[in-house]
$ cat data-v3.cif   # mmCIF, C-alpha atoms
data_run
#
loop_
_atom_site.group_PDB
_atom_site.id
_atom_site.type_symbol
_atom_site.label_atom_id
_atom_site.label_comp_id
_atom_site.auth_asym_id
_atom_site.auth_seq_id
_atom_site.Cartn_x
_atom_site.Cartn_y
_atom_site.Cartn_z
ATOM 1 C CA MET A 1 93.450 -7.938 -48.513
ATOM 2 C CA VAL A 2 91.746 -5.432 -50.776
ATOM 3 C CA TRP A 3 93.733 -3.969 -53.661
ATOM 4 C CA LYS A 4 92.751 -0.691 -55.297
ATOM 5 C CA ARG A 5 93.966 1.004 -58.481
ATOM 6 C CA ILE A 6 97.758 0.536 -58.287
ATOM 7 C CA GLY A 7 97.441 -2.765 -56.422
ATOM 8 C CA TYR A 8 95.304 -4.620 -58.913
ATOM 9 C CA PHE A 9 97.223 -3.042 -61.826
ATOM 10 C CA LEU A 10 100.463 -4.504 -60.451
ATOM 11 C CA LEU A 11 98.845 -7.864 -59.749
ATOM 12 C CA THR A 12 97.283 -8.058 -63.213
ATOM 13 C CA ASN A 13 100.562 -7.020 -64.818
ATOM 14 C CA LEU A 14 102.527 -9.679 -62.920
ATOM 15 C CA LEU A 15 100.025 -12.389 -63.837
ATOM 16 C CA VAL A 16 100.056 -11.337 -67.500
ATOM 17 C CA LEU A 17 103.851 -11.386 -67.471
ATOM 18 C CA LEU A 18 103.979 -14.869 -65.948
ATOM 19 C CA VAL A 19 101.390 -16.273 -68.357
ATOM 20 C CA LEU A 20 103.216 -14.782 -71.343
ATOM 21 C CA GLY A 21 106.508 -16.199 -70.154
ATOM 22 C CA LEU A 22 105.050 -19.656 -69.639
ATOM 23 C CA VAL A 23 103.249 -19.721 -73.005
ATOM 24 C CA LEU A 24 106.279 -18.447 -74.905
ATOM 25 C CA SER A 25 108.586 -20.971 -73.295
ATOM 26 C CA LEU A 26 106.259 -23.942 -73.773
ATOM 27 C CA THR A 27 105.429 -23.101 -77.394
ATOM 28 C CA GLY A 28 109.029 -22.482 -78.438
ATOM 29 C CA LEU A 29 108.333 -18.894 -79.496
ATOM 30 C CA ASP A 30 110.964 -17.631 -77.118
ATOM 31 C CA THR A 31 113.560 -17.307 -79.897
ATOM 32 C CA GLY A 32 115.845 -14.895 -78.084
ATOM 33 C CA ILE A 33 117.523 -17.860 -76.390
ATOM 34 C CA SER A 34 118.245 -21.114 -78.144
ATOM 35 C CA ALA A 35 120.316 -24.171 -77.590
ATOM 36 C CA TYR A 36 122.885 -22.650 -79.951
ATOM 37 C CA GLY A 37 123.555 -19.449 -78.110
ATOM 38 C CA LEU A 38 122.226 -16.164 -76.825
ATOM 39 C CA ASN A 39 121.307 -13.320 -79.207
ATOM 40 C CA LEU A 40 121.164 -10.285 -76.916
ATOM 41 C CA GLY A 41 119.857 -7.878 -79.562
ATOM 42 C CA THR A 42 116.966 -10.133 -80.546
ATOM 43 C CA LEU A 43 116.236 -10.880 -76.902
ATOM 44 C CA LEU A 44 116.106 -7.187 -75.987
ATOM 45 C CA VAL A 45 113.621 -6.417 -78.770
ATOM 46 C CA PHE A 46 111.597 -9.479 -77.802
ATOM 47 C CA SER A 47 111.601 -8.372 -74.154
ATOM 48 C CA ALA A 48 110.471 -4.847 -75.007
ATOM 49 C CA VAL A 49 107.586 -6.039 -77.196
ATOM 50 C CA PHE A 50 106.204 -8.384 -74.582
ATOM 51 C CA GLY A 51 107.160 -6.200 -71.609
ATOM 52 C CA PHE A 52 105.259 -3.182 -72.879
ATOM 53 C CA GLY A 53 102.541 -5.445 -74.259
ATOM 54 C CA GLY A 54 101.866 -6.882 -70.808
ATOM 55 C CA ALA A 55 101.779 -3.427 -69.200
ATOM 56 C CA PHE A 56 99.425 -1.941 -71.779
ATOM 57 C CA LEU A 57 97.170 -4.987 -71.654
ATOM 58 C CA SER A 58 96.873 -4.463 -67.891
ATOM 59 C CA LEU A 59 96.039 -0.806 -68.479
ATOM 60 C CA ALA A 60 93.451 -1.613 -71.141
ATOM 61 C CA LEU A 61 91.715 -4.045 -68.759
ATOM 62 C CA SER A 62 91.938 -1.828 -65.661
ATOM 63 C CA ARG A 63 88.536 -0.148 -65.854
ATOM 64 C CA TRP A 64 86.733 -3.362 -66.816
ATOM 65 C CA ILE A 65 88.401 -5.291 -63.986
ATOM 66 C CA ALA A 66 87.683 -2.580 -61.411
ATOM 67 C CA LYS A 67 83.964 -2.514 -62.157
ATOM 68 C CA ARG A 68 83.644 -6.280 -61.883
ATOM 69 C CA VAL A 69 85.989 -6.998 -58.998
ATOM 70 C CA PHE A 70 84.499 -4.296 -56.769
ATOM 71 C CA GLY A 71 80.927 -4.488 -58.054
ATOM 72 C CA VAL A 72 80.870 -0.824 -59.053
ATOM 73 C CA ARG A 73 77.412 0.531 -59.877
ATOM 74 C CA LEU A 74 77.575 3.445 -62.274
ATOM 75 C CA VAL A 75 75.624 6.662 -61.801
ATOM 76 C CA ASP A 76 75.065 9.456 -64.319
ATOM 77 C CA ALA A 77 73.285 12.760 -64.860
ATOM 78 C CA SER A 78 69.910 10.990 -64.958
ATOM 79 C CA ALA A 79 70.253 9.585 -61.422
ATOM 80 C CA THR A 80 67.176 10.219 -59.281
ATOM 81 C CA ASP A 81 68.910 9.628 -55.945
ATOM 82 C CA PRO A 82 70.112 13.049 -54.672
ATOM 83 C CA THR A 83 73.450 11.732 -53.382
ATOM 84 C CA ALA A 84 74.208 9.853 -56.598
ATOM 85 C CA ARG A 85 73.296 12.905 -58.663
ATOM 86 C CA TRP A 86 75.507 15.119 -56.460
ATOM 87 C CA LEU A 87 78.424 12.696 -56.897
ATOM 88 C CA TYR A 88 78.113 12.762 -60.670
ATOM 89 C CA ASP A 89 77.667 16.530 -60.862
ATOM 90 C CA THR A 90 80.664 17.096 -58.590
ATOM 91 C CA VAL A 91 82.938 14.838 -60.652
ATOM 92 C CA ALA A 92 81.675 16.533 -63.832
ATOM 93 C CA ARG A 93 82.473 19.985 -62.434
ATOM 94 C CA LEU A 94 85.903 18.979 -61.156
ATOM 95 C CA SER A 95 86.664 17.345 -64.506
ATOM 96 C CA ARG A 96 85.865 20.569 -66.350
ATOM 97 C CA GLN A 97 88.088 22.496 -63.932
ATOM 98 C CA ALA A 98 90.894 20.001 -64.543
ATOM 99 C CA GLY A 99 90.516 20.275 -68.322
ATOM 100 C CA LEU A 100 89.530 16.650 -68.932
ATOM 101 C CA PRO A 101 88.079 15.978 -72.406
ATOM 102 C CA LYS A 102 85.015 14.303 -70.882
ATOM 103 C CA THR A 103 83.542 13.361 -67.516
ATOM 104 C CA PRO A 104 84.839 10.014 -66.236
ATOM 105 C CA GLU A 105 82.426 7.231 -65.437
ATOM 106 C CA VAL A 106 81.252 7.669 -61.843
ATOM 107 C CA GLY A 107 80.316 4.749 -59.640
ATOM 108 C CA VAL A 108 79.680 3.515 -56.110
ATOM 109 C CA TYR A 109 80.714 0.169 -54.667
ATOM 110 C CA PHE A 110 79.405 -1.278 -51.432
ATOM 111 C CA SER A 111 82.041 -1.517 -48.713
ATOM 112 C CA ASP A 112 82.313 -0.370 -45.104
ATOM 113 C CA GLU A 113 85.810 0.977 -45.690
ATOM 114 C CA VAL A 114 86.251 4.706 -46.309
ATOM 115 C CA ASN A 115 87.869 4.756 -49.714
ATOM 116 C CA ALA A 116 87.820 5.797 -53.369
ATOM 117 C CA PHE A 117 89.853 5.125 -56.499
ATOM 118 C CA ALA A 118 90.299 6.201 -60.110
ATOM 119 C CA THR A 119 91.453 4.095 -63.021
ATOM 120 C CA GLY A 120 91.220 3.774 -66.783
ATOM 121 C CA PRO A 121 93.395 3.637 -69.907
ATOM 122 C CA SER A 122 93.211 7.362 -70.772
ATOM 123 C CA ARG A 123 91.941 10.778 -69.687
ATOM 124 C CA SER A 124 88.834 10.264 -71.817
ATOM 125 C CA ARG A 125 88.182 6.647 -70.768
ATOM 126 C CA SER A 126 88.417 6.663 -66.997
ATOM 127 C CA LEU A 127 86.447 5.749 -63.888
ATOM 128 C CA VAL A 128 86.063 7.376 -60.471
ATOM 129 C CA ALA A 129 84.489 5.145 -57.819
ATOM 130 C CA VAL A 130 83.764 5.716 -54.140
ATOM 131 C CA SER A 131 82.782 3.299 -51.405
ATOM 132 C CA SER A 132 79.423 3.448 -49.656
ATOM 133 C CA GLY A 133 81.376 3.729 -46.402
ATOM 134 C CA LEU A 134 83.008 6.941 -47.590
ATOM 135 C CA ILE A 135 79.649 8.474 -48.485
ATOM 136 C CA LEU A 136 78.218 7.608 -45.083
ATOM 137 C CA ARG A 137 81.175 8.769 -42.966
ATOM 138 C CA MET A 138 82.297 11.953 -44.735
ATOM 139 C CA ASP A 139 80.543 15.257 -45.215
ATOM 140 C CA ARG A 140 80.207 16.665 -48.718
ATOM 141 C CA ARG A 141 83.190 18.994 -48.460
ATOM 142 C CA GLU A 142 85.423 16.050 -47.515
ATOM 143 C CA VAL A 143 83.964 13.852 -50.258
ATOM 144 C CA GLU A 144 84.655 16.642 -52.738
ATOM 145 C CA GLY A 145 88.289 16.669 -51.614
ATOM 146 C CA VAL A 146 88.524 12.922 -52.232
ATOM 147 C CA LEU A 147 86.901 13.249 -55.662
ATOM 148 C CA ALA A 148 89.245 16.108 -56.552
ATOM 149 C CA HIS A 149 92.233 13.933 -55.630
ATOM 150 C CA GLU A 150 91.023 11.158 -57.938
ATOM 151 C CA VAL A 151 90.235 13.548 -60.790
ATOM 152 C CA ALA A 152 93.750 14.971 -60.383
ATOM 153 C CA HIS A 153 95.166 11.466 -60.869
ATOM 154 C CA ILE A 154 93.319 11.244 -64.192
ATOM 155 C CA ALA A 155 94.311 14.766 -65.264
ATOM 156 C CA ASN A 156 97.964 14.034 -64.416
ATOM 157 C CA GLY A 157 97.886 10.894 -66.580
ATOM 158 C CA ASP A 158 99.183 8.816 -63.698
ATOM 159 C CA MET A 159 97.960 5.446 -64.971
ATOM 160 C CA VAL A 160 99.530 5.962 -68.407
ATOM 161 C CA THR A 161 102.795 7.178 -66.865
ATOM 162 C CA LEU A 162 102.765 4.195 -64.529
ATOM 163 C CA THR A 163 102.206 1.901 -67.505
ATOM 164 C CA LEU A 164 105.225 3.309 -69.355
ATOM 165 C CA LEU A 165 107.385 2.800 -66.262
ATOM 166 C CA GLN A 166 106.015 -0.708 -65.820
ATOM 167 C CA GLY A 167 106.749 -1.451 -69.478
ATOM 168 C CA VAL A 168 110.400 -0.481 -69.040
ATOM 169 C CA LEU A 169 110.678 -2.585 -65.892
ATOM 170 C CA ASN A 170 108.917 -5.524 -67.552
ATOM 171 C CA THR A 171 111.433 -5.350 -70.396
ATOM 172 C CA PHE A 172 114.325 -5.782 -68.001
ATOM 173 C CA VAL A 173 112.492 -8.454 -65.995
ATOM 174 C CA ILE A 174 112.009 -10.547 -69.150
ATOM 175 C CA PHE A 175 115.502 -9.819 -70.477
ATOM 176 C CA LEU A 176 117.453 -10.513 -67.278
ATOM 177 C CA SER A 177 115.421 -13.588 -66.301
ATOM 178 C CA ARG A 178 116.161 -15.188 -69.670
ATOM 179 C CA VAL A 179 119.844 -14.252 -69.719
ATOM 180 C CA ILE A 180 120.413 -15.649 -66.224
ATOM 181 C CA GLY A 181 118.122 -18.618 -66.890
ATOM 182 C CA PHE A 182 120.098 -19.402 -70.023
ATOM 183 C CA VAL A 183 123.358 -19.354 -68.062
ATOM 184 C CA ILE A 184 121.922 -21.588 -65.322
ATOM 185 C CA GLY A 185 120.613 -24.050 -67.901
ATOM 186 C CA ARG A 186 123.966 -24.263 -69.642
ATOM 187 C CA MET A 187 125.719 -24.791 -66.326
ATOM 188 C CA VAL A 188 123.468 -27.778 -65.605
ATOM 189 C CA GLY A 189 123.663 -29.144 -69.161
ATOM 190 C CA GLY A 190 122.467 -32.558 -70.265
ATOM 191 C CA ARG A 191 118.861 -33.624 -70.662
ATOM 192 C CA ALA A 192 117.741 -31.459 -67.743
ATOM 193 C CA GLU A 193 119.014 -28.245 -69.351
ATOM 194 C CA GLY A 194 115.705 -27.234 -70.945
ATOM 195 C CA LEU A 195 113.602 -27.907 -67.863
ATOM 196 C CA VAL A 196 116.065 -26.185 -65.539
ATOM 197 C CA ARG A 197 116.175 -23.157 -67.834
ATOM 198 C CA LEU A 198 112.371 -22.939 -67.902
ATOM 199 C CA LEU A 199 112.037 -23.202 -64.118
ATOM 200 C CA ALA A 200 114.824 -20.693 -63.572
ATOM 201 C CA ILE A 201 113.210 -18.196 -65.934
ATOM 202 C CA LEU A 202 109.833 -18.453 -64.217
ATOM 203 C CA ALA A 203 111.354 -18.152 -60.729
ATOM 204 C CA LEU A 204 113.502 -15.193 -61.763
ATOM 205 C CA GLN A 205 110.507 -13.460 -63.353
ATOM 206 C CA VAL A 206 108.704 -13.650 -60.025
ATOM 207 C CA LEU A 207 111.748 -12.384 -58.099
ATOM 208 C CA PHE A 208 112.548 -9.543 -60.503
ATOM 209 C CA GLY A 209 108.847 -8.724 -60.785
ATOM 210 C CA ILE A 210 108.661 -8.214 -57.019
ATOM 211 C CA LEU A 211 111.776 -6.016 -57.107
ATOM 212 C CA ALA A 212 110.250 -4.004 -59.957
ATOM 213 C CA SER A 213 107.126 -3.471 -57.854
ATOM 214 C CA LEU A 214 109.293 -1.657 -55.279
ATOM 215 C CA VAL A 215 110.281 0.850 -57.957
ATOM 216 C CA VAL A 216 106.657 1.282 -59.033
ATOM 217 C CA ALA A 217 105.560 1.750 -55.407
ATOM 218 C CA ALA A 218 108.180 4.475 -54.840
ATOM 219 C CA PHE A 219 107.045 6.224 -58.031
ATOM 220 C CA SER A 220 103.401 5.936 -56.961
ATOM 221 C CA ARG A 221 104.113 7.552 -53.601
ATOM 222 C CA GLN A 222 105.463 10.640 -55.337
ATOM 223 C CA ARG A 223 102.435 10.800 -57.636
ATOM 224 C CA GLU A 224 100.163 10.733 -54.579
ATOM 225 C CA PHE A 225 101.731 13.951 -53.325
ATOM 226 C CA ARG A 226 101.126 15.480 -56.745
ATOM 227 C CA ALA A 227 97.495 14.313 -56.789
ATOM 228 C CA ASP A 228 96.998 15.816 -53.320
ATOM 229 C CA ALA A 229 98.278 19.152 -54.627
ATOM 230 C CA GLY A 230 96.010 18.860 -57.655
ATOM 231 C CA GLY A 231 93.047 18.034 -55.445
ATOM 232 C CA ALA A 232 93.793 21.103 -53.325
ATOM 233 C CA ARG A 233 93.766 23.307 -56.429
ATOM 234 C CA LEU A 234 90.445 21.864 -57.610
ATOM 235 C CA ALA A 235 88.491 21.640 -54.341
ATOM 236 C CA GLY A 236 90.492 23.923 -52.060
ATOM 237 C CA ARG A 237 93.313 23.118 -49.666
ATOM 238 C CA GLU A 238 90.980 23.028 -46.657
ATOM 239 C CA ALA A 239 88.747 20.386 -48.298
ATOM 240 C CA MET A 240 91.758 18.250 -49.250
ATOM 241 C CA VAL A 241 93.323 18.461 -45.780
ATOM 242 C CA SER A 242 89.974 17.764 -44.124
ATOM 243 C CA ALA A 243 89.476 14.673 -46.307
ATOM 244 C CA LEU A 244 92.908 13.309 -45.383
ATOM 245 C CA GLN A 245 92.326 13.997 -41.703
ATOM 246 C CA ARG A 246 89.052 12.115 -41.850
ATOM 247 C CA LEU A 247 90.789 9.198 -43.573
ATOM 248 C CA ARG A 248 93.448 9.190 -40.867
ATOM 249 C CA ALA A 249 90.771 9.094 -38.179
ATOM 250 C CA HIS A 250 89.035 6.145 -39.806
ATOM 251 C CA SER A 251 92.250 4.280 -40.660
ATOM 252 C CA GLY A 252 92.975 3.997 -36.948
ATOM 253 C CA ALA A 253 89.678 2.192 -36.487
ATOM 254 C CA VAL A 254 90.220 -0.325 -39.273
ATOM 255 C CA ASP A 255 90.326 -3.963 -38.121
ATOM 256 C CA ASP A 256 93.989 -5.018 -38.224
ATOM 257 C CA ALA A 257 92.847 -8.408 -39.510
ATOM 258 C CA GLN A 258 91.731 -6.677 -42.696
ATOM 259 C CA PRO A 259 94.635 -4.502 -43.892
ATOM 260 C CA ALA A 260 93.782 -2.559 -47.029
ATOM 261 C CA PHE A 261 95.894 -1.221 -49.855
ATOM 262 C CA ALA A 262 93.662 1.734 -50.661
ATOM 263 C CA ALA A 263 93.602 4.446 -53.304
ATOM 264 C CA MET A 264 93.524 7.240 -50.735
ATOM 265 C CA LYS A 265 95.377 5.556 -47.873
ATOM 266 C CA ILE A 266 97.340 2.497 -46.803
ATOM 267 C CA HIS A 267 96.920 0.815 -43.460
ATOM 268 C CA GLY A 268 98.771 -1.844 -41.523
ATOM 269 C CA LEU A 269 102.213 -2.003 -43.183
ATOM 270 C CA PRO A 270 104.975 -1.968 -40.552
ATOM 271 C CA GLY A 271 108.679 -1.240 -40.950
ATOM 272 C CA TRP A 272 110.357 -2.455 -44.126
ATOM 273 C CA ALA A 273 107.029 -3.560 -45.583
ATOM 274 C CA ARG A 274 106.287 0.118 -46.205
ATOM 275 C CA LEU A 275 108.602 -0.138 -49.202
ATOM 276 C CA PHE A 276 105.710 -1.912 -50.912
ATOM 277 C CA SER A 277 103.282 0.867 -50.008
ATOM 278 C CA THR A 278 101.910 2.755 -52.996
ATOM 279 C CA HIS A 279 100.874 5.670 -50.743
ATOM 280 C CA PRO A 280 102.835 7.841 -48.310
ATOM 281 C CA PRO A 281 101.715 7.980 -44.674
ATOM 282 C CA LEU A 282 98.703 10.246 -44.222
ATOM 283 C CA GLU A 283 100.642 12.358 -41.704
ATOM 284 C CA GLU A 284 103.243 13.199 -44.373
ATOM 285 C CA ARG A 285 100.586 14.076 -46.917
ATOM 286 C CA ILE A 286 98.749 16.364 -44.505
ATOM 287 C CA ALA A 287 101.981 18.057 -43.425
ATOM 288 C CA ARG A 288 103.010 18.688 -47.029
ATOM 289 C CA LEU A 289 99.636 20.262 -47.860
ATOM 290 C CA ASN A 290 99.800 22.446 -44.759
ATOM 291 C CA ARG A 291 103.244 23.703 -45.830
ATOM 292 C CA ALA A 292 102.007 24.614 -49.328
#
$ encode --input "data-v3.cif" --output "structure tokens"
Amino acid sequence: MVWKRIGYFLLTNLLVLLVLGLVLSLTGLDTGISAYGLNLGTLLVFSAVFGFGGAFLSLALSRWIAKRVFGVRLVDASATDPTARWLYDTVARLSRQAGLPKTPEVGVYFSDEVNAFATGPSRSRSLVAVSSGLILRMDRREVEGVLAHEVAHIANGDMVTLTLLQGVLNTFVIFLSRVIGFVIGRMVGGRAEGLVRLLAILALQVLFGILASLVVAAFSRQREFRADAGGARLAGREAMVSALQRLRAHSGAVDDAQPAFAAMKIHGLPGWARLFSTHPPLEERIARLNRA
């Protein structure tokens, strides 16, 4: 399974949260809960510091991780390849239209899937990357629609907004897992109390972390509609609709053995599993643009 933008942000955030929880518990720095009682005020502050810390650490690493995980090769204004130069110039123009303080890094990664993503910790430190499959299977008007969508994500500050939401959710994940873990440990009592509390906290962090991801996914779906509208303003509604229609055509041909959480689309999630989707169905996105 291939994760893009929101997917690897959530995965990195969850891993950071679990590692922090394990280290804090094993080193005894988890002072919000002690054998002598539960200090809710201290625990809440503790949870907020580490909850937001984990989210912002994930954000800070997002661009670095994306370039290395997907093997992104950067292009710039000095590119001699005509397609690479067109990609950079198009992102630069769209970025000026969107009012970005500087042009994002622009890159290409080698993949047969038709896809693109944007990430980065701020509007001035961002990355727009497209797959080689997208370049080969879309015409330039459609590619421009995709690029406009990704630039709109950056202009809307979606990654920062997502990080703030994730920080709030992380705070409650840490807080509730420790409160309930404390209660479970006390119920068991005896020599096993400490171990039971630790295991309960880790298990509850995973459970609550998964539940929190449902909230983030629902939020992300709404931001996708907004990015589509922004892309339509930058590149034109026809280009944005055409890009989504092309993605829909290619998503039907994707091998079901290789489902992909993608920045522009999501494929292969049936029924209730769609609650974990970070993107609305392409049909809904096209219909909303056509109604605008």
$ closest_residue --input "data-v3.cif" --among "A:Leu195, A:Met240, A:Ile154, A:Met159" --to "Ala60 of chain A" --atoms "only C-alpha atoms"
A:Met159
$ atom_distance --input "data-v3.cif" --atom1 "atom CA of Arg237 of chain A" --atom2 "atom CA of Tyr109 of chain A"
26.7 Å
$ residues_around --input "data-v3.cif" --residues "Arg233 of chain A" --least-positions-apart "2" --cutoff "12 Å" --atoms "all atoms listed in the file" --output "ChimeraX atom specification"
/A:94,97-98,144-145,148-149,151-152,226-231,235-241,289,292
$ write_last_selection --input "data-v3.cif" --atoms "C-alpha atoms" --output "mmCIF file, in the frame of the given file"
data_model
loop_
_atom_site.group_PDB
_atom_site.id
_atom_site.type_symbol
_atom_site.label_atom_id
_atom_site.label_comp_id
_atom_site.auth_asym_id
_atom_site.auth_seq_id
_atom_site.Cartn_x
_atom_site.Cartn_y
_atom_site.Cartn_z
ATOM 1 C CA LEU A 94 85.903 18.979 -61.156
ATOM 2 C CA GLN A 97 88.088 22.496 -63.932
ATOM 3 C CA ALA A 98 90.894 20.001 -64.543
ATOM 4 C CA GLU A 144 84.655 16.642 -52.738
ATOM 5 C CA GLY A 145 88.289 16.669 -51.614
ATOM 6 C CA ALA A 148 89.245 16.108 -56.552
ATOM 7 C CA HIS A 149 92.233 13.933 -55.630
ATOM 8 C CA VAL A 151 90.235 13.548 -60.790
ATOM 9 C CA ALA A 152 93.750 14.971 -60.383
ATOM 10 C CA ARG A 226 101.126 15.480 -56.745
ATOM 11 C CA ALA A 227 97.495 14.313 -56.789
ATOM 12 C CA ASP A 228 96.998 15.816 -53.320
ATOM 13 C CA ALA A 229 98.278 19.152 -54.627
ATOM 14 C CA GLY A 230 96.010 18.860 -57.655
ATOM 15 C CA GLY A 231 93.047 18.034 -55.445
ATOM 16 C CA ALA A 235 88.491 21.640 -54.341
ATOM 17 C CA GLY A 236 90.492 23.923 -52.060
ATOM 18 C CA ARG A 237 93.313 23.118 -49.666
ATOM 19 C CA GLU A 238 90.980 23.028 -46.657
ATOM 20 C CA ALA A 239 88.747 20.386 -48.298
ATOM 21 C CA MET A 240 91.758 18.250 -49.250
ATOM 22 C CA VAL A 241 93.323 18.461 -45.780
ATOM 23 C CA LEU A 289 99.636 20.262 -47.860
ATOM 24 C CA ALA A 292 102.007 24.614 -49.328
#
$ closest_residue --input "data-v3.cif" --among "A:Ile210, A:Leu282, A:Ala84, A:Ala243" --to "Met138 of chain A" --atoms "only C-alpha atoms"
A:Ala243
$ atom_distance --input "data-v3.cif" --atom1 "atom CA of Ile286 of chain A" --atom2 "atom CA of Ser242 of chain A"
8.9 Å
$ resolve_selection --input "data-v3.cif" --expression "the PyMOL selection byres ((chain A and resi 171-188) around 6)" --output "list of chain:residue names"
A:Ser47, A:Ala48, A:Gly51, A:Val168, A:Leu169, A:Asn170, A:Gly189, A:Glu193, A:Val196, A:Arg197, A:Ala200, A:Ile201, A:Leu204, A:Gln205, A:Phe208
$ resolve_selection --input "data-v3.cif" --expression "the PyMOL selection byres ((chain A and resi 220) around 9)" --output "list in words"
Ile6, Asp158, Leu162, Val215, Val216, Ala217, Ala218, Phe219, Arg221, Gln222, Arg223, Glu224, Phe225, Ser277, Thr278, His279 and Pro280 of chain A
$ atom_distance --input "data-v3.cif" --atom1 "atom CA of Leu244 of chain A" --atom2 "atom CA of Ala118 of chain A"
16.6 Å
$ closest_residue --input "data-v3.cif" --among "A:Val143, A:Val130, A:Leu164, A:Ala92" --to "Phe117 of chain A" --atoms "only C-alpha atoms"
A:Val130
$ closest_residue --input "data-v3.cif" --among "A:Val114, A:Leu234, A:Ala155, A:Val160" --to "Leu57 of chain A" --atoms "only C-alpha atoms"
A:Val160
$ resolve_selection --input "data-v3.cif" --expression "the PyMOL selection byres ((chain A and resi 64-67) around 9)" --output "number ranges by chain"
A: 4-5, 8, 60-63, 68-74, 107, 109, 119-120, 127, 129
$ axis_aligned_box --input "data-v3.cif" --around "segment 67-70 of chain A" --padding-each-side "5 Å" --output "AutoDock Vina command-line options"
--center_x 84.8 --center_y -4.8 --center_z -59.5 --size_x 12.3 --size_y 14.5 --size_z 15.4
$ residues_near_point --input "data-v3.cif" --point "(84.5, -0.5, -46.3)" --cutoff "7 Å" --atoms "all atoms listed in the file" --output "number ranges by chain"
A: 111-114, 131, 133
$ decode --input "data-v3.cif" --residues "segment 220-249 of chain A" --atoms "C-alpha atoms" --output "short mmCIF file (atom, residue, chain, number, x, y, z; two decimals), in the first residue's frame"
data_model
loop_
_atom_site.label_atom_id
_atom_site.label_comp_id
_atom_site.auth_asym_id
_atom_site.auth_seq_id
_atom_site.Cartn_x
_atom_site.Cartn_y
_atom_site.Cartn_z
CA SER A 220 -9.08 15.94 5.14
CA ARG A 221 -12.02 15.06 2.90
CA GLN A 222 -13.47 18.52 3.38
CA ARG A 223 -10.11 20.15 2.64
CA GLU A 224 -9.94 18.20 -0.63
CA PHE A 225 -13.13 19.88 -1.81
CA ARG A 226 -11.60 23.23 -0.92
CA ALA A 227 -8.37 22.41 -2.78
CA ASP A 228 -10.41 21.39 -5.83
CA ALA A 229 -12.13 24.78 -5.76
CA GLY A 230 -8.77 26.51 -5.37
CA GLY A 231 -7.34 24.51 -8.25
CA ALA A 232 -10.29 25.54 -10.41
CA ARG A 233 -9.64 29.21 -9.64
CA LEU A 234 -5.94 28.89 -10.49
CA ALA A 235 -6.05 26.68 -13.60
CA GLY A 236 -9.69 26.98 -14.66
CA ARG A 237 -12.66 24.80 -13.80
CA GLU A 238 -12.42 22.86 -17.08
CA ALA A 239 -8.78 21.89 -16.38
CA MET A 240 -9.62 20.79 -12.83
CA VAL A 241 -12.64 18.73 -13.91
CA SER A 242 -10.69 17.20 -16.79
CA ALA A 243 -7.88 16.19 -14.41
CA LEU A 244 -10.32 14.50 -12.03
CA GLN A 245 -12.06 12.72 -14.89
CA ARG A 246 -8.73 11.40 -16.11
CA LEU A 247 -7.90 10.20 -12.60
CA ARG A 248 -11.25 8.44 -12.40
CA ALA A 249 -10.59 6.71 -15.71
#
